[in-house]
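To start, the structure under review is shown below, and the notes come after it.
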Amino acid sequence: MSELVLEPFRLPYMQRALAEVLLLGVLTGVAGVFVVLRRLAFMSDALTHTVFPGLVVAHLAGRSLALGALAFGVLTAVLFTLLAANRRVGSDAGMAIVLTALFSVGVVLVSRQHSYTSDLTLFLFGRVLTVDRADLVTTLVLAVLVLAVLAVLGKELVLRAFDPEGSTAMGYRGVVLDLVLNLLIALVVVAAVKAVGTVLVVAMLVVPAASARLLADRLAGMTILSCAFGVLGGWGGLLASYQLSVRGGLRLAAGATIVVVLVACFLAALAVAALRGRDGAQAAAP
Amino acid sequence: MSWLAGTFSDDFARRALVEAVLAGGLCGVVGVHVLLRRLPFLTVALAHANFPGAVLAALLGLNLLLGAGLFGVLVVLVVVGLGTRDRVEETSAVGMVLAGAFALGVLLLSAQAGFTKDLSAFLVGSILTVQRSDLVATAVTGTLVLGVLAALHKELVLGAFDRGGLAALGYPVAGLDLALVLCLQLTLVSALPAVGAMLAVALVVAPAATARLWTDRLGTTMVLAPCLGIAAAVAGLAVSQHVRAAAGATIVLVAAALFGLSLLLAPRHGLVSKLRRSRPPAGREAVSGDAPERGTAPAAR
């Protein structure tokens, strides 16, 4: 049994991949709690798409991918804030347009390259197995930064999530807090992009936190559970992908397997919550 | 004019032109309803969720659009089911289904050879390779969707503005919601060969949002949105032919550019006119705009 579970991680590239997904599991677990509480799933999804052209530009210019992603993440956060100010458009429509437009910029740029399709899939789905030491350091630095800011501003952000008027009345600047949170999510996306790709980051942000919310009533408990789900999904996904590919002869993309394991965890949490009767059916008729 | 004629001289380009007109018009009309109901995120989610259906259909040798359509319906039901639960927020449910379904598609596809090429065709479309059968499929679904939307127009609009009122009048609210979402799903699937899953979202949302900047009346929006959609699709196609870039993505960029320009220049809701209005009123302002509208405008901001 231990052979089945531990043996894959004797390989150096699997060790690096494991370190990367464990880091990301903790990071997205904590950040995801805020995404779920503030209902920012669409925002995260939009950010994961708009970071894509940044990756392409950085790749073409020969610069660091993280830098390009960061620039476009900040650009997106600013554009969203501007569009949300126009009441006629509505923040969700504005987001959908920014999302698809920036994504298209990326596609147009990539489509003029020779290695069109293979580059496209790399950016979209990542290659966790080719993560190197420098990527790990980048992820670690970003994770420490994001977690530190969340630790400092956690109380204010939670207050804003549950009682926006109260938060404003106490003198906190709502727009600034929102911008900070959006920028933090952008940083998480940047950290995760090389490993799981732009499209699947949103799963790592939303699914563990939503699973934890099913089981925990307190914020601290929800955060810890969310991290646990993130770590479990990362480790289980890597393991399943490796074992099935090597022994089963079934080639499975590592990033996608991680997401499928996370979703399986969510379904288990849903079942447990239903058995404990916490997900009350009486609330079905609001 | 001869430039345009030259661009669309061969059969591929002419079929692509027809598809662009059909998809642009259909998406434009559906988009007005999407915006009224604030469904852009659901649109993005559906576009992603069609993916595993298409992959499954390809593996089983079924019709691609049929597979995507059926799977999409399944996803709609899951989203609606999860969203009614107490502790799962609707946005989280949509986000989760989106990512989960997409990952499932990637997983299925990664087990196959020829992974990357199919995937990019699905995501960003390949309008230049549409077949006559694709055109017929788009035309048929378009007629069906437009027919349903026209027949249910009054009820759908009432539901967007006053759900309680609709329920009080005895209409089946949930049934109407489902009908609209199914129409959206059909539209996305029929636009799939042309612009791909991701970018169909842009054709649905951007023209409708642009039209809403130019007019306050729903009837005018309903006419303007498909016109803008068709204009964006045709112009994007022509530009992509000349600069040799991916056609679907160029169409989206044209649609987004139209939106951006309108955001700046639209008569009442544009940034320029807002800036002008925020200055102390000059004498000439009394000439433009009707009195009650001006009275409400500052309050709205």
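Chain labels A, B, ... are given in the sequence in which chains occur in the structure tokens; within each chain residues are numbered consecutively from 1, and ligands are likewise numbered from 1 in the order shown.
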| query | Contacts of segment 26-31 of chain A at 7 Å or less, counting only C-alpha atoms, minus same-chain residues fewer than 6 places along, as a PyMOL selection string? | reply | chain A and resi 143+188+204-205+208-209+223+226-227+230-231
Practice item. Name all residues at most 12 Å from Tyr171 of chain B (count only C-alpha atoms; drop same-chain ones fewer than 2 positions away) and give them as a VMD selection string. Key: chain B and resid 152 154 to 156 158 to 159 163 to 169 173 to 177
Mind dumping a table of every chain B residue within 6 Å of chain A, with the nearest atom pair and its distance in Å to one decimal, using only C-alpha atoms, sorted by chain and rising number, as JSON lines?
{"residue": "B:Pro40", "atom": "CA", "partner": "A:Ala93", "partner_atom": "CA", "distance": 5.9}
{"residue": "B:Thr84", "atom": "CA", "partner": "A:Ala284", "partner_atom": "CA", "distance": 5.7}
{"residue": "B:Asp86", "atom": "CA", "partner": "A:Ala283", "partner_atom": "CA", "distance": 5.6}
{"residue": "B:Thr91", "atom": "CA", "partner": "A:Ala41", "partner_atom": "CA", "distance": 6.0}
{"residue": "B:Ser92", "atom": "CA", "partner": "A:Ala41", "partner_atom": "CA", "distance": 5.8}
{"residue": "B:Gly95", "atom": "CA", "partner": "A:Ala41", "partner_atom": "CA", "distance": 5.6}
{"residue": "B:Met96", "atom": "CA", "partner": "A:Val207", "partner_atom": "CA", "distance": 5.8}
{"residue": "B:Ala99", "atom": "CA", "partner": "A:Ala203", "partner_atom": "CA", "distance": 5.1}
{"residue": "B:Ala103", "atom": "CA", "partner": "A:Ala256", "partner_atom": "CA", "distance": 4.7}
{"residue": "B:Leu107", "atom": "CA", "partner": "A:Ala256", "partner_atom": "CA", "distance": 5.7}
{"residue": "B:Ser110", "atom": "CA", "partner": "A:Leu252", "partner_atom": "CA", "distance": 5.6}
{"residue": "B:Ala111", "atom": "CA", "partner": "A:Arg251", "partner_atom": "CA", "distance": 4.8}
{"residue": "B:Thr116", "atom": "CA", "partner": "A:Thr117", "partner_atom": "CA", "distance": 5.7}
{"residue": "B:Lys117", "atom": "CA", "partner": "A:Thr117", "partner_atom": "CA", "distance": 5.8}
{"residue": "B:Ala202", "atom": "CA", "partner": "A:Thr100", "partner_atom": "CA", "distance": 5.7}
{"residue": "B:Ala206", "atom": "CA", "partner": "A:Ile97", "partner_atom": "CA", "distance": 5.9}
{"residue": "B:Ala245", "atom": "CA", "partner": "A:Val108", "partner_atom": "CA", "distance": 5.6}
{"residue": "B:Ala246", "atom": "CA", "partner": "A:Val108", "partner_atom": "CA", "distance": 5.6}
{"residue": "B:Ala249", "atom": "CA", "partner": "A:Ser104", "partner_atom": "CA", "distance": 4.6}
{"residue": "B:Leu253", "atom": "CA", "partner": "A:Ala101", "partner_atom": "CA", "distance": 5.6}
{"residue": "B:Ala256", "atom": "CA", "partner": "A:Ala101", "partner_atom": "CA", "distance": 6.0}
Store the residues of this selection in a file with C-alpha atoms, as a PDB file, in the first residue's frame.
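This went into selection-v2.pdb:
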ATOM      1  CA  PRO B  40     -23.530  36.366 -18.198  1.00  0.00           C
ATOM      2  CA  THR B  84     -31.403  25.728  -4.431  1.00  0.00           C
ATOM      3  CA  ASP B  86     -28.992  26.257   1.488  1.00  0.00           C
ATOM      4  CA  THR B  91     -22.218  31.680  -8.007  1.00  0.00           C
ATOM      5  CA  SER B  92     -20.105  29.023  -6.292  1.00  0.00           C
ATOM      6  CA  GLY B  95     -18.157  28.172 -10.814  1.00  0.00           C
ATOM      7  CA  MET B  96     -17.781  24.640  -9.586  1.00  0.00           C
ATOM      8  CA  ALA B  99     -14.533  24.025 -13.689  1.00  0.00           C
ATOM      9  CA  ALA B 103     -11.754  19.351 -16.280  1.00  0.00           C
ATOM     10  CA  LEU B 107      -9.420  14.420 -18.838  1.00  0.00           C
ATOM     11  CA  SER B 110      -6.057  13.777 -22.707  1.00  0.00           C
ATOM     12  CA  ALA B 111      -6.612  10.030 -22.834  1.00  0.00           C
ATOM     13  CA  THR B 116      -4.277  19.683 -28.614  1.00  0.00           C
ATOM     14  CA  LYS B 117      -5.695  20.299 -32.061  1.00  0.00           C
ATOM     15  CA  ALA B 202     -18.675  37.355 -26.332  1.00  0.00           C
ATOM     16  CA  ALA B 206     -21.065  42.223 -26.105  1.00  0.00           C
ATOM     17  CA  ALA B 245      -5.235  35.859 -37.385  1.00  0.00           C
ATOM     18  CA  ALA B 246      -7.697  33.417 -35.796  1.00  0.00           C
ATOM     19  CA  ALA B 249     -10.914  35.721 -31.785  1.00  0.00           C
ATOM     20  CA  LEU B 253     -12.139  41.773 -30.593  1.00  0.00           C
ATOM     21  CA  ALA B 256     -15.386  44.341 -27.818  1.00  0.00           C
TER      22      ALA B 256
END
Item to complete: Extract, using only C-alpha atoms, all DNA, RNA and protein residues at most 8 Å from segment 66-69 of chain A, discarding same-chain residues fewer than 4 positions from it, and format them as a PyMOL selection string.
Response: chain A and resi 51-58+73+138+190-191
As a check of understanding: the span from atom CA of Ala233 of chain B to atom CA of Val18 of chain B is 10.0 Å
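Among the candidate residues B:Leu46, B:Cys227, B:Val34, B:Ala13, the one lying nearest to Leu188 of chain B is B:Leu46, with distances computed using only C-alpha atoms.
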inquiry  = Among segment 228-280 of chain A, which residues does DSSP mark as alpha helix (DSSP H) when it is run on the backbone? Keep the chain and numbering as in the structure and answer as a PyMOL selection string.
reply    = chain A and resi 228-246+254-275
Closest of A:Leu267, A:Val33, A:Leu187, A:Ala77 to Leu140 of chain A, counting only C-alpha atoms, is A:Leu187
Between atom CA of Gly126 of chain A and atom CA of Thr81 of chain A lies a distance of 28.5 Å
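Minimum atom-to-atom distances from A:Val78, A:Leu147, A:Leu136, A:Met222 to Leu179 of chain A were compared using only C-alpha atoms, and the lowest value belongs to A:Val78.
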Taken to one decimal, the atom CA of Val140 of chain B-atom CA of Arg217 of chain B distance is 28.7 Å
